[in-house]
Structure formats: C-alpha cells, structure tokens
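Participant: First, the structure itself, so that you have it in front of you.
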Amino acid sequence: MVEQLLQSLSRFLPETTLTVALCSTVVVSLFLGRKSQATLFVALAGLVLATWFSFDQMGVSETIFSGMVAVDPFSVFFKLLVGLSAILILLFSLYSSEVQSTLHRAGEYSALILAMALGMFLMAGASNLLMMVLAIELTSLSSYILAGYTREASDSSEASLKYIIYGAVSTGVMLYGISILYGLTGATDFYGINRALTEESVNSVALLVSIIMILVGFGYKISAVPFHFWTPDVYEGAPITITAFLSVASKAAGFALMMRFFKVSFIDANAVGLPTGVWTSLQGFEWNKIVAILSVLTMTLGNLVAVWQNNLKRLLAYSSIAHAGYMLMGVVVLSDKGLAAVLIYFMVYLFMNLGAFYVVMLVANKTGSEDIDSYKGLGHRSPLVSVAMVIFFISLAGLPPTAGFIGKLFLFAALLDATWIWLAVVGALNSVVSLYYYVRVVRNMFLRDPEGNAEPILFSTPQLAIVMLLLLPTLFFGLFYSPMVELANASVMMFGIR
Amino acid sequence: MGIQLYLYLSAILFMIGVVGVIARRNAIIVFMSIELMLNSVNLTLVAFSAFLGDVTGQMLVFFVMTVAAAEAAIGLAIIISLFRNKQTVNLDEINILKW
C-alpha cells in the first residue's frame, strides 16, 4: 500500500511542483513587498518545471492513486498544452497594462493562475467521477476570481458574477447526472463504469438522462451552445490575459476530460470485426448523435453572432465558441483518427488564438480601446503587428498556407472517413461565414484611414519577440505539419484502451 | 421504504432549486437555490449508497459539501465586490454587458 502510494507520488511530480509553486508565490508575495513582479517569475519558474516534468512522463501509461488519475500519452499531451499556454499567459502578463497597474495584487494573480493550471493538469488525467468534479471545480473556482480581477471596473465584477452563477448551476446539474450514473453502475471510476455497463444492461432512459446532465457540465466548460451564455460576457469583462487563458487552456482541459470520459466509459471492448481505432458504444447508446447536434448548434451560432460584434474581445469570444464547435466534430467521431484531429487542432489553436489575443492586448495597451473601429488604419501605424494579426486571422479562418488550414483539413478528413458527410459540409459552410468577420477587421486595419491620431505605434523588442514566438509556429506548422501529426498520433493512446 | 421515495424527494428538491435559479432575481437567493440543487445531489448519493451497500457514495457527499461551501464563499465575495460598484444585488439591474 505504502509502496503503491510512493510509486504514485513519483508519477504525480508535475502536479506536486505546481502545488509547491503555488505556496511559494503566496510566501514570496508576503516577504518581497507588494510592488514587485517577483511572484510572476516564481509562477513562471514553477510552470516551466511542471511542464518539463510532464515532458518526462512521455511514454508512461498507468493509473495512479488507485485509479483516480491516469498518466498516459493522452494526459501528458494535454498537460504540455496547458503548461505551454500558462507560460505564454504569464509572459503576456509581464506586458499587460491591466496586470502591471495592479501590481500590488500580483501575488494573488500568479497564485490563482497556478491553481487554475493545477486544476487543468488534473482534468487532463482524471479517470474517476470524483476526481473529475474536483478538478473541474478547482479550475472553475480560480477562474471565477480571476475573471473579476480588475475589481475597480464594474464590468469585470459583473462578468465574474455571471460566470459563477452559470458555473455553479452547470456543476449542480452535472453532479446530479453523476449521482444517477453512480446509482446505475455502482462505480465511480471510468473503468468500473465500463465494466458495469458491459456486464448488465441498465435502464436506458435513466442512462440517457444522466449523460445529458453530465454533458451540461462539459458543455459549460468548453462553451458549447446552449451552455455558452457566460462566454461573451466573461471574455469581454475579464482582463485580456485571463480571457486568452480561458479560451485556450480551459477549453483544452474540458475537451480532454470529455473525450476520456466518453471513450473509456462507453467503449465496447468486445466488439468484434472492427479495424483497430474504430469503436462502438456499449448498449447501443448513441451519445455521439447528441454531440453532433451540439456541434452544429455551437459552430453555427458562434459564427453567425460573431458577424454582428463591434468589440474585438467579444468577437473573439464568439469565434472561440465556433472553434469549440469545429473541435466537437472530432469528438463525434472519437476514433483514433478523430481524436488525433482534435489534438492537432488544439496545437494549432494554441498559437493562433493566443496570438490574436496578444495583439488585441498590445493594441489596447496603447489605444485603450478594443473596438473594431479603433483598428482603422492600424496597418499604417504599426505594420508589423498588423501583418501578424492578419496571419493569425487567416489561420483562424482556416485558409492555407497557415496552420489553421492543417487543423481543419485533418478534422474534415476524419469526418469523411467515418461517413459523417453532412456534418463536414456544415463545418465547411461555417468556415466560409467565419471568413467574413475576420476580413472585416483586416479591412479596417489596411483599407481604412486612421481616424484622428495617426501617429505610429511603437512596441518594445521583447513585446515583438513574443508576437514572433506565436507567429512562427502558425506559419511553420502550416507548411511542415508532419511533426505535429506524429505527436498527435502518438498521443491518442489512453490507459487501458487498445 | 423503497429507494424510490428518496429519489422522488431529491428530484423534487432539485427542480425547486432549478426554478429558483431561473425565477428569482436576487443574487443571494439564486445562490441559496444552487445550494438546494447540490443538497439534492447529496440526498441521491446517500440513497444510492445505502441501496447498493457501497460507501463510495457517502464519501462523494463530503466532497460535494466542500465544493458547495467553496462556491458559496467565492460567490458571496463576488457579490460584495459587485455591490461596492453598483449598490445592488438585483440581477435585472446588473446589465452593463448584454446577458
């Protein structure tokens, strides 16, 4: 027993590192004065270490703490993704005027970002209903507070209140679903649920109700329609760094948990005559039709509403809803190919979406506005940053030769492979709609003359270096995508699934 | 008594909680309704736990209680910070951002 625990602890190193870093930031902010950036650097060091330790876990495949958390290529992939985006967010924070103007609270800021990252690391690996709830809660509770971080601005605390009300309700609904699932199967770990469903047939209506209720919780986390209402308000009200973090890492962790839950709990391990990588659901339970409907609703509403937005943060919020819809298409398939497509999309999405938010932040620092109108003539005032923004937008719209195109290509290929042709057609039509609102911003930047102040906007070298750090992968992976595809194919393996 | 009665009771409590969240406009009462939803979950878990003769469900209850307490603490903190800005806890008057 003790040996087992020690063995588990050694596999729990990334999470332990984050916990230690979290405590250190609190102590450091206590002793090193309240006007310094020291805590941001402590958090940065902790995250770099934790990401490095997760990198070390590549190739491991086991469950630790008696099946609570799985350490397998799939969870390691998402830990790396979350770690990398958290590191980038902390780098953004060094240049964000919202964070720098409230430096006396930087200790809380760094500690909460670490707590959020810890929750997401656990979400990536959770393989037990209890761990699932606790990981989601740890992430959500920290993000409620961070969304209202600039408490002097009343739209920030309003965003925070809306976030916690929607969050708490969907957690409640999800917990009710979990309690029904526990009653039906008598198990709380995903593998136990799978065994129980294989051995005896359960009441199919009760199973359907419980899964839909659990889907509400996932849908809220990944901001799928109709559980998306919090997204635009929170994205607009929260500090931009937090918005960017929520849009990438929080979504990635939600998808990781959702895919693991469905795949591990409902895979029919005894299905014969299927090629490897294709799978059928237990008890003829067609949950993926529900997810297909969610996916269509999510991308269509996200894209159509984004067309009407005038605030760039709000526009990017709806665009991120639409992207969640695209990625749900991969979850519908959930074969190895579908999973790999979602993983590829997330790698791409990390760079292009964080890049777009970073440019919005840089411009808002200088002009104090996030309105699309304030981008008029930006192409003449700050050519380099504007060109970068255009490339991020081309990538978000999914046009070659950027990485966004590769992401969409693999998603559609997986769909066509599984004969979900109508869904692929809807997805393609949606991409066309999305082009319209991205181009609207580009038009403002290059084809409109600046209103009033037309002086050039200058950025410091480190600020531009971060833009390049995000821009180069967006272009590079558009042309040389094979390393990305290989990593994704190696990472689809979950513990205990052939 | 069968397990059904407990399940009906918890379902009714859950529905009351949901209706409270949707219908009431005072943020504090909304949070009370959310607590009601979480407590109906606890009732279901305990009922199933006794029915199945398995303690895991009762262990889950403790964690749900902890989560509920943490959520309430943060929720009230956020309400206070909003009240300082706007002098109201009525959800209809909190509308700088479109709902």
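Letters for chains follow the order of the structure tokens (A, B, ...), residue numbers begin at 1 for each chain, and ligand numbers begin at 1 in the order shown.
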Which polymer residues have any atom within 8 Å of an atom of segment 73-89 of chain B, counting only C-alpha atoms, with same-chain residues fewer than 4 positions away left out, as a ChimeraX atom specification?

Facilitator: /A:141,144-145,148,151-152,154,157-158,160-161,164 /B:26-28,31,69,93-94

Participant: What are the residues of chain B lining chain A at 6 Å or less? Count only C-alpha atoms, and put the answer as a list in words.

Facilitator: Met37, Leu38, Val41, Leu45, Phe48, Leu82 and Asn85 of chain B

Participant: Please measure the separation of atom CA of Ser210 of chain A and atom CA of Leu181 of chain A, giving the value in Å to one decimal.

Facilitator: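 Going from atom CA of Ser210 of chain A over to atom CA of Leu181 of chain A covers 6.0 Å.
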
Participant: Do you know which residues are at most 9 Å from Thr63 of chain A counting only C-alpha atoms, after dropping those on the same chain fewer than 5 positions away, and could you put them as number ranges by chain?

Facilitator: A: 8, 68-72, 125, 127, 495

Participant: Quick check, in Å to one decimal: how far apart do atom CA of Met327 of chain A and atom CA of Phe255 of chain A lie?

Facilitator: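 Computing it gives 8.6 Å between the two atoms.
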
Participant: Expressed in Å to a single decimal, how great is the separation between atom CA of Phe74 of chain A and atom CA of Asp336 of chain A?

Facilitator: 11.4 Å

Participant: Could you pull out the residues in chain B that DSSP calls alpha helix (DSSP H) from the backbone, as a ChimeraX atom specification?

Facilitator: /B:3-23,27-52,56-86

Participant: Keeping only C-alpha atoms, write those residues as an mmCIF file, in the first residue's frame.

Facilitator:
data_model
loop_
_atom_site.group_PDB
_atom_site.id
_atom_site.type_symbol
_atom_site.label_atom_id
_atom_site.label_comp_id
_atom_site.auth_asym_id
_atom_site.auth_seq_id
_atom_site.Cartn_x
_atom_site.Cartn_y
_atom_site.Cartn_z
ATOM 1 C CA ILE B 3 -35.345 3.842 -2.637
ATOM 2 C CA GLN B 4 -37.900 5.437 -4.984
ATOM 3 C CA LEU B 5 -39.284 7.765 -2.311
ATOM 4 C CA TYR B 6 -35.825 9.215 -1.634
ATOM 5 C CA LEU B 7 -35.180 9.638 -5.344
ATOM 6 C CA TYR B 8 -38.529 11.388 -5.865
ATOM 7 C CA LEU B 9 -37.782 13.728 -2.965
ATOM 8 C CA SER B 10 -34.351 14.597 -4.285
ATOM 9 C CA ALA B 11 -35.719 15.120 -7.808
ATOM 10 C CA ILE B 12 -38.349 17.499 -6.410
ATOM 11 C CA LEU B 13 -35.724 19.396 -4.396
ATOM 12 C CA PHE B 14 -33.545 19.643 -7.491
ATOM 13 C CA MET B 15 -36.431 21.036 -9.549
ATOM 14 C CA ILE B 16 -37.219 23.604 -6.850
ATOM 15 C CA GLY B 17 -33.571 24.650 -6.989
ATOM 16 C CA VAL B 18 -33.621 24.988 -10.784
ATOM 17 C CA VAL B 19 -36.854 27.011 -10.727
ATOM 18 C CA GLY B 20 -35.363 29.236 -8.026
ATOM 19 C CA VAL B 21 -32.291 29.968 -10.145
ATOM 20 C CA ILE B 22 -34.408 30.800 -13.177
ATOM 21 C CA ALA B 23 -37.198 32.753 -11.494
ATOM 22 C CA ALA B 27 -28.337 37.101 -6.473
ATOM 23 C CA ILE B 28 -28.237 35.802 -2.891
ATOM 24 C CA ILE B 29 -31.451 33.811 -3.320
ATOM 25 C CA VAL B 30 -30.051 32.421 -6.581
ATOM 26 C CA PHE B 31 -27.076 31.137 -4.599
ATOM 27 C CA MET B 32 -29.422 29.602 -1.997
ATOM 28 C CA SER B 33 -31.213 27.781 -4.837
ATOM 29 C CA ILE B 34 -27.897 26.461 -6.102
ATOM 30 C CA GLU B 35 -27.174 25.122 -2.605
ATOM 31 C CA LEU B 36 -30.538 23.357 -2.745
ATOM 32 C CA MET B 37 -29.557 21.709 -6.032
ATOM 33 C CA LEU B 38 -26.272 20.490 -4.569
ATOM 34 C CA ASN B 39 -28.001 19.153 -1.466
ATOM 35 C CA SER B 40 -30.480 17.188 -3.559
ATOM 36 C CA VAL B 41 -27.434 15.604 -5.205
ATOM 37 C CA ASN B 42 -26.223 14.619 -1.735
ATOM 38 C CA LEU B 43 -29.562 13.022 -0.947
ATOM 39 C CA THR B 44 -29.446 10.973 -4.165
ATOM 40 C CA LEU B 45 -25.893 9.864 -3.446
ATOM 41 C CA VAL B 46 -26.700 8.781 0.102
ATOM 42 C CA ALA B 47 -29.834 6.937 -1.036
ATOM 43 C CA PHE B 48 -27.954 5.039 -3.729
ATOM 44 C CA SER B 49 -25.084 4.389 -1.364
ATOM 45 C CA ALA B 50 -27.405 2.749 1.176
ATOM 46 C CA PHE B 51 -29.243 0.871 -1.577
ATOM 47 C CA LEU B 52 -26.060 -0.522 -3.146
ATOM 48 C CA THR B 56 -18.201 5.403 -2.097
ATOM 49 C CA GLY B 57 -21.403 7.410 -2.482
ATOM 50 C CA GLN B 58 -21.233 8.685 1.077
ATOM 51 C CA MET B 59 -17.618 9.671 0.555
ATOM 52 C CA LEU B 60 -18.674 11.658 -2.523
ATOM 53 C CA VAL B 61 -21.150 13.555 -0.338
ATOM 54 C CA PHE B 62 -18.357 15.031 1.765
ATOM 55 C CA PHE B 63 -16.622 16.333 -1.326
ATOM 56 C CA VAL B 64 -19.843 17.788 -2.715
ATOM 57 C CA MET B 65 -20.367 19.594 0.603
ATOM 58 C CA THR B 66 -16.834 21.017 0.444
ATOM 59 C CA VAL B 67 -17.325 22.164 -3.130
ATOM 60 C CA ALA B 68 -20.642 23.786 -2.192
ATOM 61 C CA ALA B 69 -19.025 25.668 0.680
ATOM 62 C CA ALA B 70 -16.157 26.917 -1.504
ATOM 63 C CA GLU B 71 -18.578 28.001 -4.201
ATOM 64 C CA ALA B 72 -20.749 29.883 -1.701
ATOM 65 C CA ALA B 73 -17.720 31.645 -0.208
ATOM 66 C CA ILE B 74 -16.467 32.844 -3.584
ATOM 67 C CA GLY B 75 -19.967 33.700 -4.761
ATOM 68 C CA LEU B 76 -20.608 35.925 -1.746
ATOM 69 C CA ALA B 77 -17.208 37.596 -2.168
ATOM 70 C CA ILE B 78 -18.057 38.399 -5.763
ATOM 71 C CA ILE B 79 -21.489 39.725 -4.782
ATOM 72 C CA ILE B 80 -19.838 42.049 -2.240
ATOM 73 C CA SER B 81 -17.346 43.354 -4.784
ATOM 74 C CA LEU B 82 -20.171 43.973 -7.253
ATOM 75 C CA PHE B 83 -22.310 45.639 -4.575
ATOM 76 C CA ARG B 84 -19.485 48.112 -3.905
ATOM 77 C CA ASN B 85 -19.602 49.132 -7.556
ATOM 78 C CA LYS B 86 -23.321 49.160 -8.208
#

Participant: Contacts of Leu91 of chain A at 10 Å or less, counting only C-alpha atoms, minus same-chain residues fewer than 6 places along, as number ranges by chain?

Facilitator: A: 40-41, 44, 85, 241, 462-463, 466

Participant: For the selection you just gave me, I'd like the residues written to a file as a PDB file, in the first residue's frame, keeping C-alpha atoms.

Facilitator:
ATOM      1  CA  LEU A  40       5.091  36.349 -11.633  1.00  0.00           C
ATOM      2  CA  PHE A  41       8.596  34.983 -12.104  1.00  0.00           C
ATOM      3  CA  LEU A  44       6.764  31.153 -14.371  1.00  0.00           C
ATOM      4  CA  SER A  85      -0.261  28.175 -22.686  1.00  0.00           C
ATOM      5  CA  THR A 241      -4.640  37.704 -20.325  1.00  0.00           C
ATOM      6  CA  PRO A 462      10.508  41.813 -26.123  1.00  0.00           C
ATOM      7  CA  GLN A 463       6.875  42.536 -26.966  1.00  0.00           C
ATOM      8  CA  ILE A 466       6.530  37.303 -28.165  1.00  0.00           C
TER       9      ILE A 466
END

Participant: Go through A:Tyr345, A:Val48, A:Leu447, A:Ser386 and flag the residue nearest Leu88 of chain A, using only C-alpha atoms for the distances.

Facilitator: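 Closest residue, counting only C-alpha atoms: A:Val48.
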